[in-house]
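Asker: Sharing input31.cif (mmCIF, C-alpha atoms) below.
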data_final
#
loop_
_atom_site.label_atom_id
_atom_site.label_comp_id
_atom_site.auth_asym_id
_atom_site.auth_seq_id
_atom_site.Cartn_x
_atom_site.Cartn_y
_atom_site.Cartn_z
CA VAL A 174 -7.09 13.24 6.82
CA GLY A 175 -3.74 14.28 8.20
CA ARG A 176 -1.94 17.57 8.15
CA VAL A 177 -2.30 19.07 4.67
CA ALA A 178 -0.69 22.52 4.94
CA ARG A 179 2.48 23.99 6.43
CA ALA A 180 3.41 27.36 7.90
CA GLY A 181 -0.04 28.88 7.62
CA LYS A 182 -0.36 28.11 3.92
CA ALA A 183 -3.43 26.52 2.40
CA GLY A 184 -3.46 22.84 1.58
CA HIS A 185 -5.60 20.29 -0.20
CA SER A 186 -6.94 17.00 1.03
CA LEU A 187 -9.13 14.18 -0.08
CA LEU A 188 -11.66 12.81 2.37
CA PHE A 189 -13.76 9.72 1.73
CA LEU A 190 -17.13 9.58 3.45
CA LEU A 191 -19.85 6.98 3.36
CA PRO A 192 -23.33 8.22 2.54
CA SER A 193 -24.20 7.72 6.22
CA GLU A 194 -21.38 10.15 7.16
CA LYS A 195 -22.74 13.20 5.31
CA GLY A 196 -23.26 14.89 8.68
CA TYR A 197 -19.48 15.38 8.89
CA LEU A 198 -19.77 17.93 6.08
CA ASP A 199 -21.59 20.20 8.57
CA VAL A 200 -18.65 19.83 10.97
CA LEU A 201 -16.23 20.86 8.22
CA SER A 202 -18.43 23.82 7.37
CA ALA A 203 -18.52 24.88 11.03
CA LYS A 204 -14.70 24.78 11.06
CA GLY A 205 -14.60 27.22 8.14
CA ILE A 206 -13.99 24.70 5.40
CA SER A 207 -16.56 25.77 2.89
CA LYS A 208 -15.15 24.67 -0.47
CA VAL A 209 -16.10 21.00 -0.43
CA GLU A 210 -16.61 19.30 -3.75
CA PRO A 211 -18.28 15.89 -3.65
CA LEU A 212 -16.68 13.29 -5.89
CA SER A 213 -17.89 9.89 -6.92
CA LEU A 214 -15.43 7.11 -6.11
CA SER A 215 -16.21 5.29 -9.35
CA THR A 216 -15.77 8.50 -11.37
CA THR A 217 -12.49 9.26 -9.60
CA LEU A 218 -11.18 5.73 -10.21
CA ASN A 219 -12.25 5.87 -13.85
CA LYS A 220 -10.37 9.16 -14.29
CA ALA A 221 -7.30 7.69 -12.61
CA ALA A 222 -7.61 4.67 -14.90
CA SER A 223 -7.54 6.91 -17.96
CA PHE A 224 -4.42 8.75 -16.69
CA CYS A 225 -2.61 5.54 -15.71
CA SER A 226 -3.44 3.28 -18.61
CA ASP A 227 -0.43 1.02 -17.93
CA TRP A 228 -1.75 0.18 -14.47
CA THR A 229 -5.29 -0.18 -15.83
CA ASN A 230 -4.11 -2.57 -18.53
CA ALA A 231 -2.15 -4.57 -15.95
CA GLY A 232 -5.25 -4.77 -13.74
CA LEU A 233 -7.28 -5.84 -16.73
CA LYS A 234 -4.78 -8.57 -17.64
CA ASN A 235 -4.29 -9.78 -14.06
CA GLY A 236 -8.00 -9.73 -13.31
CA GLY A 237 -8.71 -12.85 -15.33
CA ASN A 238 -11.85 -11.24 -16.70
CA LYS A 239 -13.63 -11.74 -19.96
CA GLU A 240 -13.30 -7.98 -20.38
CA LEU A 241 -9.76 -8.67 -21.58
CA ASP A 242 -11.20 -10.39 -24.65
CA LYS A 243 -13.39 -7.34 -25.28
CA LYS A 244 -10.32 -5.11 -25.00
CA ARG A 245 -8.52 -7.16 -27.62
CA THR A 246 -11.54 -7.14 -29.88
CA PHE A 247 -12.91 -3.63 -29.47
CA GLY A 248 -9.98 -1.64 -28.09
CA MET A 249 -9.49 0.21 -24.84
CA ASP A 250 -11.69 3.15 -25.87
CA ASN A 251 -14.78 0.94 -25.96
CA LEU A 252 -14.30 0.06 -22.31
CA ARG A 253 -14.51 3.68 -21.18
CA GLY A 254 -17.25 4.17 -18.64
CA SER A 255 -17.39 0.50 -17.84
CA ARG A 256 -15.20 -1.04 -15.14
CA LEU A 257 -11.82 0.52 -15.91
CA GLY A 258 -11.69 2.14 -12.48
CA GLU A 259 -12.06 -1.28 -10.90
CA TYR A 260 -9.19 -2.66 -12.97
CA PHE A 261 -7.05 0.31 -12.00
CA ALA A 262 -7.92 -0.14 -8.30
CA SER A 263 -7.20 -3.86 -8.60
CA GLU A 264 -3.70 -3.12 -9.91
CA VAL A 265 -3.09 -0.52 -7.17
CA GLN A 266 -4.08 -3.12 -4.58
CA ARG A 267 -1.87 -5.79 -6.18
CA ARG A 268 1.14 -3.47 -6.22
CA MET A 269 0.57 -2.41 -2.63
CA GLU A 270 0.33 -6.04 -1.55
CA ASP A 271 3.56 -6.79 -3.44
CA CYS A 272 5.28 -3.93 -1.60
CA ILE A 273 4.03 -5.22 1.75
CA VAL A 274 5.19 -8.76 0.99
CA GLN A 275 8.62 -7.55 -0.15
CA ASP A 276 8.92 -5.33 2.93
CA ASN A 277 7.99 -8.28 5.14
CA ILE A 278 10.60 -10.48 3.46
CA ALA A 279 13.25 -7.79 3.94
CA ALA A 280 12.25 -7.28 7.59
CA GLN A 281 12.42 -11.03 8.28
CA GLN A 282 15.83 -11.24 6.63
CA LYS A 283 17.09 -8.31 8.67
CA TRP A 284 15.70 -9.88 11.86
CA LYS A 285 17.47 -13.17 11.08
CA GLU A 286 20.74 -11.35 10.42
CA GLU A 287 20.44 -9.37 13.66
CA LYS A 288 19.61 -12.54 15.59
CA LYS A 289 22.65 -14.29 14.11
CA ALA A 290 24.89 -11.27 14.87
CA ASN A 291 23.60 -11.08 18.46
CA LYS A 292 24.23 -14.79 18.93
CA LYS A 293 27.76 -14.41 17.59
CA ARG A 294 28.34 -11.33 19.76
CA ARG A 295 27.22 -13.21 22.87
CA ARG A 296 29.35 -16.21 21.96
CA ASP A 297 32.44 -14.07 21.33
CA ALA A 298 32.00 -11.79 24.36
CA PRO A 299 35.41 -11.38 26.11
CA ASN A 300 34.07 -11.47 29.68
CA ARG A 301 32.05 -14.57 29.16
CA PRO A 302 33.15 -17.36 31.49
CA LYS A 303 34.31 -20.56 29.83
CA GLU A 304 32.36 -23.76 30.43
CA GLY A 305 34.97 -25.05 32.87
CA GLU A 306 34.82 -21.83 34.87
CA LEU A 307 31.04 -22.13 35.10
CA MET A 308 31.38 -25.64 36.48
CA GLU A 309 33.92 -24.44 39.05
CA LEU A 310 31.61 -21.59 40.08
CA ALA A 311 28.72 -23.99 40.56
#
How would this structure read if it were set down as structure tokens?

Answerer:
Amino acid sequence: VGRVARAGKAGHSLLFLLPSEKGYLDVLSAKGISKVEPLSLSTTLNKAASFCSDWTNAGLKNGGNKELDKKRTFGMDNLRGSRLGEYFASEVQRRMEDCIVQDNIAAQQKWKEEKKANKKRRRDAPNRPKEGELMELA
């Protein structure tokens, strides 16, 4: 959890803990953070899936699951409470990976352009001795 408030104002944060990390709740309490509401990851993902049905549907379609056939047959409402949160999370992951790949492609392209520009700059440098001058100096 990073900085969640500015200029002395209150802020909100979301902290994920494993069951084995419940002891950290005592640390938060000792620091004066008393309003801690436990959330279930699967419940949170299922709620997000219901709010972002486009992403959930995309995750469902891209997942290659037989659940897609159920969706076509029974409708999205019949899948509530099943694995919609997983489909939503799958689509979030896919989109994040796409962003990372695109960013990497852009960074590599920029690196190549900079390398080419640096090579041209070195080649065109005015104070650079000509090949004949280098031979004379040697």

Asker: Within 7 Å of Gly232 (chain A), counting all atoms listed in the file, which residues qualify if same-chain residues fewer than 2 places away don't, as a list in words?

Answerer: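 Result of the neighbour search: Trp228, Thr229, Asn230, Lys234, Asn235, Gly236, Tyr260, Phe261, Ser263 and Glu264 of chain A.
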
Asker: Which residues are near Ser213 (chain A)? Cut-off 12 Å, all atoms listed in the file, ignore same chain within fewer than 2 positions. Put them as a VMD selection string.

Answerer: chain A and resid 187 to 192 210 to 211 215 to 220 258

Asker: Report the distance between CA of Gln266 (chain A) and CA of Gly184 (chain A) in Å, rounded to one decimal place.

Answerer: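 Between these atoms lies a distance of 26.7 Å.
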
Asker: Check the smallest atom-to-atom distance from each of A:Ala180, A:Ala231, A:Ala279, A:Ala290 to Glu259 (chain A) using only C-alpha atoms, then report the winner.

Answerer: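 Ranked by minimum distance to Glu259 (chain A), first place goes to A:Ala231.
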
Asker: Report, in Å with one decimal, the straight-line distance from CA of Ala280 (chain A) to CA of Ala298 (chain A).

Answerer: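 It comes out at 26.3 Å.
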
Asker: What is the CA of Glu270 (chain A)-CA of Glu287 (chain A) distance in Å, reported with one decimal?

Answerer: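 So the two atoms, CA of Glu270 (chain A) and CA of Glu287 (chain A), lie 25.4 Å apart.
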
Asker: Which one of A:Ala222, A:Gly181, A:Asp199, A:Val209 sits closest to Val265 (chain A) if you count all atoms listed in the file?

Answerer: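 The answer is A:Ala222, which sits nearest to Val265 (chain A).
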